[in-house]
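Containing mmCIF, C-alpha atoms and all ligand atoms: run19.cif.
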```
data_run
loop_
_atom_site.label_atom_id
_atom_site.label_comp_id
_atom_site.auth_asym_id
_atom_site.auth_seq_id
_atom_site.Cartn_x
_atom_site.Cartn_y
_atom_site.Cartn_z
CA MET A 3 219.68 224.92 36.95
CA ALA A 4 217.83 221.62 37.36
CA LEU A 5 214.08 221.74 37.06
CA ILE A 6 212.36 220.70 40.24
CA PRO A 7 209.02 218.86 40.38
CA LEU A 8 205.92 220.88 41.19
CA ALA A 9 205.28 218.70 44.24
CA GLU A 10 208.65 219.61 45.72
CA ALA A 11 208.09 223.35 45.24
CA ARG A 12 204.63 223.00 46.78
CA GLU A 13 206.07 221.16 49.78
CA HIS A 14 208.67 223.90 50.21
CA VAL A 15 205.91 226.52 50.26
CA LEU A 16 203.85 224.53 52.75
CA THR A 17 206.66 224.11 55.25
CA HIS A 18 206.90 227.92 55.46
CA CYS A 19 203.18 228.63 55.79
CA ALA A 20 201.63 228.10 59.23
CA PRO A 21 197.94 228.64 60.05
CA ARG A 22 197.13 232.12 61.33
CA ALA A 23 196.23 232.61 64.98
CA PRO A 24 192.51 232.06 65.66
CA LEU A 25 190.31 235.06 66.25
CA ALA A 26 186.66 235.77 67.07
CA VAL A 27 185.11 237.39 63.99
CA PRO A 28 181.61 238.70 63.30
CA LEU A 29 179.36 236.13 61.70
CA ASP A 30 179.09 238.03 58.43
CA ASP A 31 182.87 237.88 58.05
CA ALA A 32 183.17 234.17 58.79
CA LEU A 33 182.22 232.72 55.42
CA GLY A 34 185.09 230.62 54.08
CA CYS A 35 186.93 230.63 57.41
CA VAL A 36 187.87 227.46 59.27
CA LEU A 37 186.26 227.04 62.67
CA ALA A 38 189.01 226.90 65.30
CA ALA A 39 186.98 225.51 68.21
CA ALA A 40 183.93 223.23 68.13
CA VAL A 41 180.63 224.95 68.83
CA SER A 42 178.10 223.28 71.13
CA ALA A 43 174.50 224.41 71.38
CA GLY A 44 173.55 226.27 74.54
CA GLU A 45 169.85 226.05 73.74
CA PRO A 46 167.50 223.76 71.80
CA VAL A 47 166.44 224.47 68.22
CA PRO A 48 163.53 224.82 67.78
CA PRO A 49 163.27 226.37 71.26
CA TRP A 50 159.76 224.98 71.79
CA ASP A 51 157.23 222.66 70.11
CA ASN A 52 155.73 224.48 67.15
CA SER A 53 153.50 223.94 64.18
CA ALA A 54 154.96 222.76 60.86
CA MET A 55 151.83 223.89 59.00
CA ASP A 56 149.22 226.59 58.77
CA GLY A 57 146.14 224.86 60.17
CA PHE A 58 144.43 223.96 63.42
CA ALA A 59 145.95 222.69 66.65
CA VAL A 60 143.74 219.90 67.99
CA ARG A 61 143.63 216.97 70.34
CA SER A 62 144.20 214.01 68.02
CA ALA A 63 141.69 211.87 69.94
CA ASP A 64 138.94 214.39 69.03
CA VAL A 65 139.44 213.90 65.28
CA ALA A 66 140.25 210.17 65.27
CA GLY A 67 137.17 209.40 63.17
CA ALA A 68 137.29 212.46 60.86
CA SER A 69 137.03 212.08 57.07
CA ALA A 70 135.72 214.09 54.13
CA ASP A 71 132.39 212.23 54.42
CA ARG A 72 132.21 212.50 58.20
CA PRO A 73 133.84 215.80 59.18
CA VAL A 74 134.33 216.61 62.84
CA ALA A 75 133.25 220.16 63.75
CA LEU A 76 135.29 221.93 66.44
CA PRO A 77 134.81 225.47 67.79
CA VAL A 78 137.84 227.71 67.12
CA VAL A 79 138.71 229.29 70.47
CA ALA A 80 141.77 231.36 69.50
CA THR A 81 144.29 232.19 66.77
CA VAL A 82 148.08 232.05 67.21
CA ALA A 83 150.66 233.39 64.75
CA ALA A 84 154.46 232.95 64.62
CA GLY A 85 156.04 235.28 67.17
CA ALA A 86 153.10 235.04 69.54
CA ALA A 87 152.05 232.48 72.13
CA ALA A 88 148.49 231.31 72.73
CA ASP A 89 147.10 232.38 76.08
CA THR A 90 144.45 229.67 76.08
CA GLU A 91 144.66 225.91 75.92
CA VAL A 92 142.91 223.64 73.48
CA GLY A 93 140.24 222.03 75.60
CA PRO A 94 138.50 218.76 74.72
CA GLY A 95 136.49 219.23 71.52
CA GLN A 96 138.16 222.54 70.66
CA ALA A 97 140.65 223.84 68.05
CA ILE A 98 143.05 226.80 67.87
CA ARG A 99 143.87 228.33 64.48
CA ILE A 100 147.68 228.21 64.16
CA MET A 101 150.28 229.47 61.69
CA THR A 102 153.55 227.79 60.68
CA GLY A 103 156.21 228.34 63.35
CA ALA A 104 153.79 229.37 66.11
CA PRO A 105 154.18 227.62 69.48
CA MET A 106 151.89 224.65 70.08
CA PRO A 107 149.17 225.64 72.54
CA GLY A 108 148.74 223.58 75.68
CA GLY A 109 146.32 220.69 75.35
CA ALA A 110 146.87 220.15 71.61
CA ASP A 111 149.06 217.29 70.38
CA ALA A 112 148.69 217.58 66.60
CA VAL A 113 147.96 220.03 63.79
CA VAL A 114 145.50 219.51 60.95
CA MET A 115 146.69 221.37 57.88
CA VAL A 116 144.30 224.06 56.65
CA GLU A 117 143.86 222.27 53.29
CA ARG A 118 142.25 219.34 55.18
CA THR A 119 139.63 221.53 56.81
CA ARG A 120 136.55 223.51 55.81
CA GLY A 121 135.45 226.81 57.27
CA GLY A 122 137.53 229.70 55.99
CA PRO A 123 139.70 232.23 57.77
CA ASP A 124 137.08 233.83 60.03
CA ALA A 125 134.97 230.79 60.82
CA THR A 126 134.18 230.22 64.48
CA VAL A 127 133.77 226.53 63.81
CA VAL A 128 136.19 224.43 61.75
CA GLU A 129 135.26 221.19 60.03
CA VAL A 130 138.14 218.72 60.17
CA LEU A 131 138.19 216.36 57.14
CA GLU A 132 141.06 214.08 58.16
CA ALA A 133 142.24 212.17 61.23
CA VAL A 134 145.73 213.00 62.53
CA VAL A 135 147.94 210.92 64.79
CA SER A 136 149.46 212.47 67.89
CA GLY A 137 152.52 214.56 66.96
CA ARG A 138 151.43 215.08 63.35
CA ASN A 139 152.71 218.39 61.89
CA VAL A 140 154.40 219.27 65.18
CA ARG A 141 158.11 220.15 65.22
CA THR A 142 159.29 219.26 68.67
CA ALA A 143 161.70 221.35 70.76
CA GLY A 144 165.31 220.34 70.04
CA SER A 145 164.40 218.24 66.98
CA ASP A 146 166.96 220.14 64.89
CA ILE A 147 169.57 220.76 67.61
CA ALA A 148 169.58 219.40 71.16
CA PRO A 149 171.23 221.45 73.93
CA GLY A 150 174.87 220.42 74.40
CA GLN A 151 175.09 218.93 70.93
CA VAL A 152 178.20 219.83 68.87
CA VAL A 153 176.66 221.66 65.94
CA VAL A 154 179.79 222.61 63.98
CA ASP A 155 183.07 220.77 64.44
CA ARG A 156 186.50 222.27 64.79
CA GLY A 157 188.18 222.38 61.37
CA THR A 158 184.95 222.90 59.45
CA LEU A 159 185.23 225.23 56.48
CA LEU A 160 182.28 227.51 57.15
CA GLY A 161 179.70 227.64 54.37
CA PRO A 162 176.48 229.67 54.22
CA ALA A 163 174.38 227.10 56.09
CA HIS A 164 176.97 226.80 58.87
CA LEU A 165 176.61 230.55 59.45
CA GLY A 166 172.87 230.00 59.76
CA VAL A 167 173.41 227.16 62.23
CA LEU A 168 175.77 229.30 64.34
CA ALA A 169 173.22 232.13 64.38
CA SER A 170 170.49 229.67 65.38
CA VAL A 171 172.41 228.78 68.56
CA ASN A 172 173.22 232.44 69.24
CA VAL A 173 176.91 232.37 68.30
CA ARG A 174 177.48 235.88 66.95
CA ARG A 175 181.30 235.83 66.86
CA PRO A 176 182.69 232.40 66.00
CA PHE A 177 186.31 231.62 66.83
CA VAL A 178 187.98 230.97 63.47
CA THR A 179 191.30 230.89 61.67
CA PRO A 180 190.85 234.12 59.73
CA ARG A 181 191.18 234.26 55.97
CA PRO A 182 194.69 235.48 55.06
CA ARG A 183 195.18 238.95 53.64
CA LEU A 184 197.26 238.76 50.49
CA GLY A 185 198.98 241.89 49.18
CA VAL A 186 199.51 241.84 45.41
CA ILE A 187 202.33 243.84 43.79
CA SER A 188 203.30 243.87 40.15
CA THR A 189 206.77 244.80 38.98
CA GLY A 190 208.18 246.10 35.73
CA ASP A 191 209.26 249.42 34.19
CA GLU A 192 207.04 248.70 31.19
CA LEU A 193 203.76 248.64 33.11
CA VAL A 194 201.15 251.38 32.67
CA ASP A 195 197.98 251.39 34.74
CA ASP A 196 196.77 255.00 34.63
CA GLY A 197 195.04 255.01 31.25
CA ARG A 198 197.55 257.19 29.41
CA PRO A 199 198.64 256.40 25.84
CA LEU A 200 201.42 253.86 25.69
CA ALA A 201 204.95 255.08 24.94
CA PRO A 202 207.26 252.73 22.99
CA GLY A 203 208.05 249.67 25.06
CA GLU A 204 205.18 250.16 27.46
CA ILE A 205 202.29 247.75 28.04
CA ARG A 206 199.09 247.86 30.06
CA GLU A 207 199.34 246.30 33.49
CA SER A 208 196.96 243.33 33.66
CA ASN A 209 198.21 240.94 36.31
CA ARG A 210 197.23 242.83 39.42
CA PRO A 211 193.49 243.00 38.83
CA MET A 212 193.55 239.37 37.73
CA LEU A 213 195.59 238.05 40.65
CA VAL A 214 193.59 240.02 43.22
CA ALA A 215 190.33 238.69 41.78
CA LEU A 216 191.69 235.16 41.39
CA ALA A 217 192.84 235.06 45.02
CA ARG A 218 189.45 236.36 46.13
CA SER A 219 187.71 233.71 44.07
CA PHE A 220 189.72 231.17 46.08
CA GLY A 221 188.53 232.62 49.40
CA VAL A 222 191.50 234.87 50.17
CA ASP A 223 191.21 238.55 51.20
CA ALA A 224 193.44 240.03 48.52
CA ILE A 225 194.37 243.70 48.23
CA ASP A 226 195.99 245.61 45.40
CA LEU A 227 199.31 247.19 46.45
CA GLY A 228 200.10 248.77 43.09
CA SER A 229 202.97 248.49 40.64
CA VAL A 230 206.64 248.99 41.39
CA ALA A 231 209.37 249.88 38.90
CA ASP A 232 212.40 247.67 38.31
CA ASP A 233 214.38 249.53 40.94
CA ARG A 234 216.07 247.92 43.93
CA GLU A 235 215.18 250.54 46.52
CA ALA A 236 211.59 250.92 45.42
CA LEU A 237 211.08 247.17 45.29
CA SER A 238 212.71 246.57 48.63
CA ALA A 239 210.61 249.30 50.30
CA ALA A 240 207.40 247.93 48.74
CA LEU A 241 208.15 244.37 49.84
CA VAL A 242 209.01 245.34 53.40
CA GLU A 243 205.88 247.46 53.69
CA ALA A 244 203.70 244.71 52.20
CA ALA A 245 205.17 242.04 54.47
CA ALA A 246 204.51 244.24 57.51
CA THR A 247 200.85 244.84 56.64
CA CYS A 248 199.75 241.56 55.04
CA ASP A 249 199.73 237.87 55.93
CA ALA A 250 201.22 236.98 52.56
CA VAL A 251 202.55 238.83 49.53
CA ALA A 252 202.42 237.91 45.86
CA THR A 253 204.56 239.72 43.34
CA SER A 254 204.32 239.32 39.59
CA GLY A 255 207.32 239.62 37.31
CA GLY A 256 211.04 239.80 37.88
CA VAL A 257 211.76 236.17 38.69
CA SER A 258 213.05 234.97 35.32
CA MET A 259 216.56 234.94 33.86
CA GLY A 260 216.61 238.55 32.56
CA ASP A 261 219.02 241.29 33.63
CA PHE A 262 216.23 243.32 35.20
CA ASP A 263 214.55 240.49 37.04
CA LEU A 264 215.05 242.15 40.38
CA VAL A 265 212.40 240.51 42.53
CA LYS A 266 214.55 237.46 43.04
CA VAL A 267 217.61 239.63 43.68
CA VAL A 268 215.90 241.88 46.22
CA LEU A 269 214.10 238.99 47.90
CA GLY A 270 217.43 237.23 48.08
CA GLU A 271 218.87 240.17 50.02
CA LEU A 272 215.89 240.72 52.30
CA ALA A 273 214.38 237.36 52.91
CA ASP A 274 215.00 233.71 53.44
CA MET A 275 214.35 233.05 49.76
CA ARG A 276 214.49 230.16 47.33
CA TRP A 277 214.38 230.70 43.59
CA MET A 278 213.16 227.77 41.61
CA GLN A 279 212.79 226.58 38.06
CA ILE A 280 209.82 224.26 38.16
CA ALA A 281 209.20 221.39 35.77
CA ILE A 282 205.90 222.80 34.52
CA ARG A 283 204.74 224.75 31.49
CA PRO A 284 203.79 227.57 31.78
CA ALA A 285 205.05 229.12 35.04
CA LYS A 286 208.55 227.66 35.16
CA PRO A 287 210.20 230.45 37.22
CA PHE A 288 209.01 230.85 40.79
CA ALA A 289 210.53 232.44 43.86
CA PHE A 290 209.41 231.89 47.40
CA GLY A 291 210.71 233.62 50.47
CA VAL A 292 209.81 234.48 54.03
CA LEU A 293 210.21 238.19 54.77
CA ASP A 294 209.92 239.16 58.44
CA GLY A 295 207.81 236.05 58.96
CA THR A 296 205.53 236.73 55.98
CA PRO A 297 205.51 234.33 53.03
CA VAL A 298 206.25 236.02 49.69
CA PHE A 299 205.27 234.31 46.43
CA GLY A 300 207.36 235.56 43.50
CA LEU A 301 205.14 234.75 40.52
CA PRO A 302 206.31 235.02 36.92
CA GLY A 303 205.22 238.09 34.94
CA ASN A 304 203.71 236.48 31.88
CA PRO A 305 200.01 236.83 32.56
CA VAL A 306 199.02 233.20 32.03
CA SER A 307 202.08 232.04 33.97
CA SER A 308 201.16 234.19 36.94
CA LEU A 309 197.62 232.76 36.87
CA VAL A 310 198.91 229.17 36.78
CA SER A 311 201.56 229.84 39.41
CA LEU A 312 199.10 231.38 41.88
CA SER A 313 196.67 228.51 41.28
CA LEU A 314 199.16 225.67 41.73
CA LEU A 315 201.66 227.09 44.23
CA GLY A 316 200.01 230.11 45.83
CA VAL A 317 196.73 228.41 46.70
CA PRO A 318 198.18 225.58 48.87
CA GLY A 319 200.26 228.06 50.86
CA LEU A 320 197.40 230.52 51.29
CA ARG A 321 195.01 227.75 52.31
CA ARG A 322 197.51 226.48 54.86
CA LEU A 323 197.63 230.03 56.31
CA ALA A 324 193.84 229.87 56.46
CA GLY A 325 194.01 226.63 58.45
CA ARG A 326 192.35 224.65 55.69
CA GLY A 327 192.83 220.95 55.14
CA ASP A 328 191.84 221.04 51.48
CA LEU A 329 195.03 222.66 50.30
CA ASP A 330 194.75 222.31 46.56
CA LEU A 331 192.21 223.25 43.95
CA PRO A 332 190.07 220.21 43.08
CA ARG A 333 191.64 217.71 40.69
CA VAL A 334 189.15 215.58 38.80
CA VAL A 335 189.29 213.18 35.88
CA ALA A 336 187.71 214.43 32.66
CA VAL A 337 187.30 213.05 29.16
CA ALA A 338 189.93 214.54 26.85
CA GLY A 339 188.57 216.49 23.92
CA PRO A 340 190.56 216.82 20.67
CA GLY A 341 193.77 218.84 20.60
CA LEU A 342 195.33 218.13 24.00
CA GLU A 343 198.70 217.82 22.32
CA ARG A 344 202.18 218.79 23.42
CA ARG A 345 205.85 218.05 22.81
CA PRO A 346 208.15 216.18 25.20
CA ASP A 347 210.28 218.67 27.18
CA GLY A 348 210.79 217.21 30.64
CA ARG A 349 207.92 219.24 32.10
CA THR A 350 204.27 218.73 32.98
CA ALA A 351 202.06 220.96 30.83
CA TYR A 352 199.08 222.73 32.32
CA GLN A 353 196.94 223.57 29.33
CA ARG A 354 194.03 225.90 29.72
CA VAL A 355 190.80 224.05 29.02
CA VAL A 356 187.08 224.62 29.13
CA CYS A 357 185.38 221.79 31.00
CA ARG A 358 181.74 221.11 30.26
CA TRP A 359 179.33 218.49 31.55
CA VAL A 360 178.15 216.07 28.88
CA GLN A 361 175.84 213.32 30.11
CA GLY A 362 177.25 213.40 33.60
CA ARG A 363 180.93 213.48 32.62
CA LEU A 364 183.27 216.43 32.33
CA HIS A 365 184.78 216.94 28.90
CA ALA A 366 187.93 219.06 28.59
CA HIS A 367 188.54 221.16 25.47
CA PRO A 368 191.71 223.26 25.12
CA VAL A 369 191.22 226.99 24.52
CA ARG A 370 192.77 228.24 21.28
CA GLY A 371 195.82 230.26 22.26
CA GLN A 372 198.07 228.34 24.65
CA GLY A 373 200.90 230.91 24.79
CA SER A 374 201.82 232.20 28.24
CA HIS A 375 201.07 235.77 27.06
CA GLN A 376 197.65 234.85 25.62
CA LEU A 377 195.47 235.83 28.52
CA ALA A 378 192.45 236.53 26.34
CA SER A 379 192.18 232.84 25.40
CA ALA A 380 193.01 231.68 28.91
CA ALA A 381 190.24 233.88 30.31
CA ASP A 382 187.58 231.49 29.03
CA ALA A 383 189.20 228.44 30.64
CA ASN A 384 187.74 227.02 33.84
CA ALA A 385 190.41 224.37 34.37
CA LEU A 386 194.01 223.38 33.73
CA ALA A 387 194.52 220.01 32.02
CA GLU A 388 197.52 218.25 33.51
CA LEU A 389 199.44 216.72 30.60
CA PRO A 390 202.37 214.56 31.71
CA ASP A 391 205.61 214.88 29.76
CA GLY A 392 205.16 213.28 26.35
CA ASP A 393 202.97 213.88 23.31
CA GLY A 394 199.71 214.75 25.01
CA VAL A 395 196.49 212.95 25.83
CA ALA A 396 194.48 211.24 23.09
CA GLU A 397 190.92 212.29 22.44
CA GLY A 398 188.52 210.25 24.56
CA ALA A 399 191.18 209.21 27.09
CA ASP A 400 191.08 210.23 30.76
CA VAL A 401 192.80 213.49 31.58
CA THR A 402 193.30 215.02 35.03
CA VAL A 403 192.13 218.61 35.27
CA VAL A 404 192.62 221.19 38.03
CA LEU A 405 189.39 223.13 38.41
CA LEU A 406 189.81 226.89 38.60
CA SER A 407 186.06 227.40 38.94
CA ALA A 408 183.00 225.18 39.01
CA PRO A 409 182.06 224.05 35.49
CA SER A 410 178.56 225.07 34.51
CA THR A 411 176.10 222.62 33.05
P1 LIG B 1 208.97 239.20 33.68
O1 LIG B 1 208.57 237.99 34.44
O2 LIG B 1 209.05 240.41 34.53
O3 LIG B 1 210.22 238.95 32.90
O4 LIG B 1 207.82 239.46 32.63
C1 LIG B 1 207.53 238.48 31.65
C2 LIG B 1 206.57 239.07 30.62
O5 LIG B 1 205.33 239.36 31.25
C3 LIG B 1 207.02 240.35 29.98
O6 LIG B 1 206.60 240.33 28.63
C4 LIG B 1 206.30 241.40 30.78
O7 LIG B 1 206.13 242.58 30.03
C5 LIG B 1 204.98 240.73 31.06
N1 LIG B 1 204.41 241.24 32.30
C6 LIG B 1 205.06 241.32 33.47
N2 LIG B 1 204.27 241.84 34.43
C7 LIG B 1 203.09 242.10 33.82
C8 LIG B 1 201.87 242.65 34.29
N3 LIG B 1 201.71 243.02 35.55
N4 LIG B 1 200.86 242.79 33.41
C9 LIG B 1 201.05 242.41 32.11
N5 LIG B 1 202.16 241.87 31.63
C10 LIG B 1 203.19 241.72 32.46
MG MG B 2 209.74 242.29 34.46
#
```
Kindly transcribe the structure held in the file into structure tokens.
Amino acid sequence: MALIPLAEAREHVLTHCAPRAPLAVPLDDALGCVLAAAVSAGEPVPPWDNSAMDGFAVRSADVAGASADRPVALPVVATVAAGAAADTEVGPGQAIRIMTGAPMPGGADAVVMVERTRGGPDATVVEVLEAVVSGRNVRTAGSDIAPGQVVVDRGTLLGPAHLGVLASVNVRRPFVTPRPRLGVISTGDELVDDGRPLAPGEIRESNRPMLVALARSFGVDAIDLGSVADDREALSAALVEAAATCDAVATSGGVSMGDFDLVKVVLGELADMRWMQIAIRPAKPFAFGVLDGTPVFGLPGNPVSSLVSLSLLGVPGLRRLAGRGDLDLPRVVAVAGPGLERRPDGRTAYQRVVCRWVQGRLHAHPVRGQGSHQLASAADANALAELPDGDGVAEGADVTVVLLSAPST
């Protein structure tokens, strides 16, 4: 079977993944969702002129000549805190004590910050030590958001501050493309996940917790659907059930060349499925099918392969379902550390590397064990170095890396 380029497999996945239907969701569930309709402000933010400082609301003309040597004394006629409104105006020659965020009282056109005054908290007269121009330390109504203004555009991937902006214009349930729900199933008669001692031939199941967490780290709502034995009926029932309850399904195992690699067989019977051998290392085998309208990613069982496969082929499909435009994990150029070696084999190698910032540039160092079963070494990696077919990338040369997580400083 001819190896097919990663880009072709990715394209195949994308053509079968359409964005989910938009939905109004509560604000605290909207992080990481794509906004499906632009939001315009129905009200100004701030809603009224207010003070940017703790200090004294004054008429700027009254303190035009004020300085530390020649303070201007003004009687304090009221105090106004955030959440309250002054019931008196600042008359000529008067001041009102005001806290940050409190509405500007009528009559005043500027605020003198408390540090530029003398008098203390209970003083009935304040001495102003500095002149202020009209508008000083006043945040005017609508200076953050004007009514009618588009505050968040359609297609925006909602981050924490966007949620704050939506709340500030009273949007409690934004209309978004919801995050997809991915059901994760592992397959294999050898898998044990209940803590009992291992019988000969058995191994501990490790892919499910990893794939669920990995998908979540990429902004997907992943759920653990358990392990299924290498049994046609059981597998078929699990896949049908998963496809009916999730927006996408990822299986691990059973897509290689072995006699018991049943995922590709069962998917072939149930779904519009394509089984591929991809020109990458690790993660060569990959199956993709659409089962009752739900995309199914058949990831390889070797733990590192399943991680690489979900990152390179699962992520674009899942992000397309989520309505995102940034389909792939970020690819950046790093400085190659020593040891990014490989042998020519007609495939692109994705070596697990640790990327670190050194004087403003990312440096990529391979982790020690590069075998597709060596998850313990891969666990420390934060990126995959993309090594084109050949002998590797020389130390100090540029190397493209796919970031799995943000490198720390
Ligand atoms: P398979 O793709 O099913 O042929 O599995 C390839 C290799 O990965 C075998 O050594 C399996 O035992 C191992 N493997 C498969 N699934 C898992 C899993 N969920 N957790 C740990 N190892 C697995
Ligand atoms: Mg297997």
Would you mind listing what lies within 10 Å of Leu301 of chain A as JSON, numbers by chain, with only C-alpha atoms counted and same-chain residues fewer than 4 positions away left out?
{"A": [188, 252, 253, 254, 255, 256, 257, 258, 265, 285, 286, 287, 288, 289, 290, 305, 307, 308, 309, 310, 311, 312, 315, 316]}
For Pro7 of chain A, work out the shell of residues within 8 Å, counting all atoms listed in the file and skipping chain neighbours fewer than 3 positions away, then give it as a ChimeraX atom specification.
/A:10-11,280-282
Can I get the residues of chain A within 8 Å of ligand LIG 1 (chain B), each with the closest pair of atoms and their distance in Å to one decimal, using only C-alpha atoms and all ligand atoms, sorted chain first then ascending number, as a tab-separated table?
```
residue	atom	partner	partner_atom	distance
A:Ser188	CA	B:LIG1	N3	4.9
A:Thr189	CA	B:LIG1	N2	6.0
A:Gly190	CA	B:LIG1	O2	5.9
A:Glu192	CA	B:LIG1	O7	6.3
A:Leu193	CA	B:LIG1	C8	6.4
A:Ile205	CA	B:LIG1	O7	6.7
A:Arg206	CA	B:LIG1	C9	6.1
A:Glu207	CA	B:LIG1	N4	3.8
A:Ser208	CA	B:LIG1	N4	3.9
A:Asn209	CA	B:LIG1	N3	4.1
A:Arg210	CA	B:LIG1	N3	5.9
A:Ser229	CA	B:LIG1	N3	7.6
A:Ser254	CA	B:LIG1	N2	5.7
A:Gly255	CA	B:LIG1	O2	3.4
A:Gly256	CA	B:LIG1	O2	3.9
A:Val257	CA	B:LIG1	O1	5.6
A:Ser258	CA	B:LIG1	O3	5.5
A:Met259	CA	B:LIG1	O3	7.6
A:Gly260	CA	B:LIG1	O3	6.4
A:Phe262	CA	B:LIG1	O2	7.8
A:Asp263	CA	B:LIG1	O2	6.0
A:Leu301	CA	B:LIG1	O1	7.7
A:Pro302	CA	B:LIG1	O1	4.5
A:Gly303	CA	B:LIG1	O1	3.4
A:Asn304	CA	B:LIG1	O5	3.4
A:Pro305	CA	B:LIG1	N5	5.6
A:His375	CA	B:LIG1	O5	7.0
```
How about saving the chosen residues, C-alpha atoms kept, as a PDB file, keeping the file's coordinate frame?
```
ATOM      1  CA  SER A 188     203.300 243.870  40.150  1.00  0.00           C
ATOM      2  CA  THR A 189     206.770 244.800  38.980  1.00  0.00           C
ATOM      3  CA  GLY A 190     208.180 246.100  35.730  1.00  0.00           C
ATOM      4  CA  GLU A 192     207.040 248.700  31.190  1.00  0.00           C
ATOM      5  CA  LEU A 193     203.760 248.640  33.110  1.00  0.00           C
ATOM      6  CA  ILE A 205     202.290 247.750  28.040  1.00  0.00           C
ATOM      7  CA  ARG A 206     199.090 247.860  30.060  1.00  0.00           C
ATOM      8  CA  GLU A 207     199.340 246.300  33.490  1.00  0.00           C
ATOM      9  CA  SER A 208     196.960 243.330  33.660  1.00  0.00           C
ATOM     10  CA  ASN A 209     198.210 240.940  36.310  1.00  0.00           C
ATOM     11  CA  ARG A 210     197.230 242.830  39.420  1.00  0.00           C
ATOM     12  CA  SER A 229     202.970 248.490  40.640  1.00  0.00           C
ATOM     13  CA  SER A 254     204.320 239.320  39.590  1.00  0.00           C
ATOM     14  CA  GLY A 255     207.320 239.620  37.310  1.00  0.00           C
ATOM     15  CA  GLY A 256     211.040 239.800  37.880  1.00  0.00           C
ATOM     16  CA  VAL A 257     211.760 236.170  38.690  1.00  0.00           C
ATOM     17  CA  SER A 258     213.050 234.970  35.320  1.00  0.00           C
ATOM     18  CA  MET A 259     216.560 234.940  33.860  1.00  0.00           C
ATOM     19  CA  GLY A 260     216.610 238.550  32.560  1.00  0.00           C
ATOM     20  CA  PHE A 262     216.230 243.320  35.200  1.00  0.00           C
ATOM     21  CA  ASP A 263     214.550 240.490  37.040  1.00  0.00           C
ATOM     22  CA  LEU A 301     205.140 234.750  40.520  1.00  0.00           C
ATOM     23  CA  PRO A 302     206.310 235.020  36.920  1.00  0.00           C
ATOM     24  CA  GLY A 303     205.220 238.090  34.940  1.00  0.00           C
ATOM     25  CA  ASN A 304     203.710 236.480  31.880  1.00  0.00           C
ATOM     26  CA  PRO A 305     200.010 236.830  32.560  1.00  0.00           C
ATOM     27  CA  HIS A 375     201.070 235.770  27.060  1.00  0.00           C
TER      28      HIS A 375
END
```
Please indicate the distance in Å from atom CA of His18 of chain A to atom CA of Asp391 of chain A, rounded to one decimal place.
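Between atom CA of His18 of chain A and atom CA of Asp391 of chain A the gap works out to 28.8 Å.
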Counting only C-alpha atoms, I want the residues whose atoms come within 7 Å of (177.5, 227.2, 61.5) in the file frame, returned as a CSV table (one decimal) with C-alpha atoms, keeping the file's coordinate frame.
```csv
chain,number,residue,atom,x,y,z
A,154,VAL,CA,179.8,222.6,64.0
A,160,LEU,CA,182.3,227.5,57.2
A,163,ALA,CA,174.4,227.1,56.1
A,164,HIS,CA,177.0,226.8,58.9
A,165,LEU,CA,176.6,230.6,59.4
A,166,GLY,CA,172.9,230.0,59.8
A,167,VAL,CA,173.4,227.2,62.2
A,168,LEU,CA,175.8,229.3,64.3
```
Neighbours of segment 111-126 of chain A within 12 Å (only C-alpha atoms; same-chain residues fewer than 5 positions away dropped), as a PyMOL selection string?
chain A and resi 51-66+68-70+72-81+91-94+96-106+131-142
In Å, rounded to a single decimal, give me how far atom CA of Gly373 of chain A is from atom CA of Thr411 of chain A.
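Pair atom CA of Thr411 of chain A / atom CA of Gly373 of chain A returns 27.4 Å.
Minimum atom-to-atom distances from A:Ser42, A:Leu377, A:Ile6, A:Leu241 to Arg349 of chain A were compared using only C-alpha atoms, and the lowest value belongs to A:Ile6.
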Could you tell me how far atom CA of Pro390 of chain A sits from atom CA of Gln353 of chain A, in Å to one decimal place?
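Interatomic distance, atom CA of Gln353 of chain A to atom CA of Pro390 of chain A: 10.8 Å.
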Can you pull out the residues contacting Ala273 of chain A? Cut-off 7 Å, using all atoms listed in the file, and skip same-chain residues under 5 positions away; I want them as a short mmCIF file (atom, residue, chain, number, x, y, z; two decimals) with C-alpha atoms, in the frame of the given file.
```
data_model
loop_
_atom_site.label_atom_id
_atom_site.label_comp_id
_atom_site.auth_asym_id
_atom_site.auth_seq_id
_atom_site.Cartn_x
_atom_site.Cartn_y
_atom_site.Cartn_z
CA GLY A 291 210.71 233.62 50.47
CA VAL A 292 209.81 234.48 54.03
CA LEU A 293 210.21 238.19 54.77
#
```
Residue nearest ligand MG 2 (chain B) - candidates A:Pro340, A:Pro149, A:Gly300, A:Gly109, atoms counted: only C-alpha atoms and all ligand atoms
A:Gly300
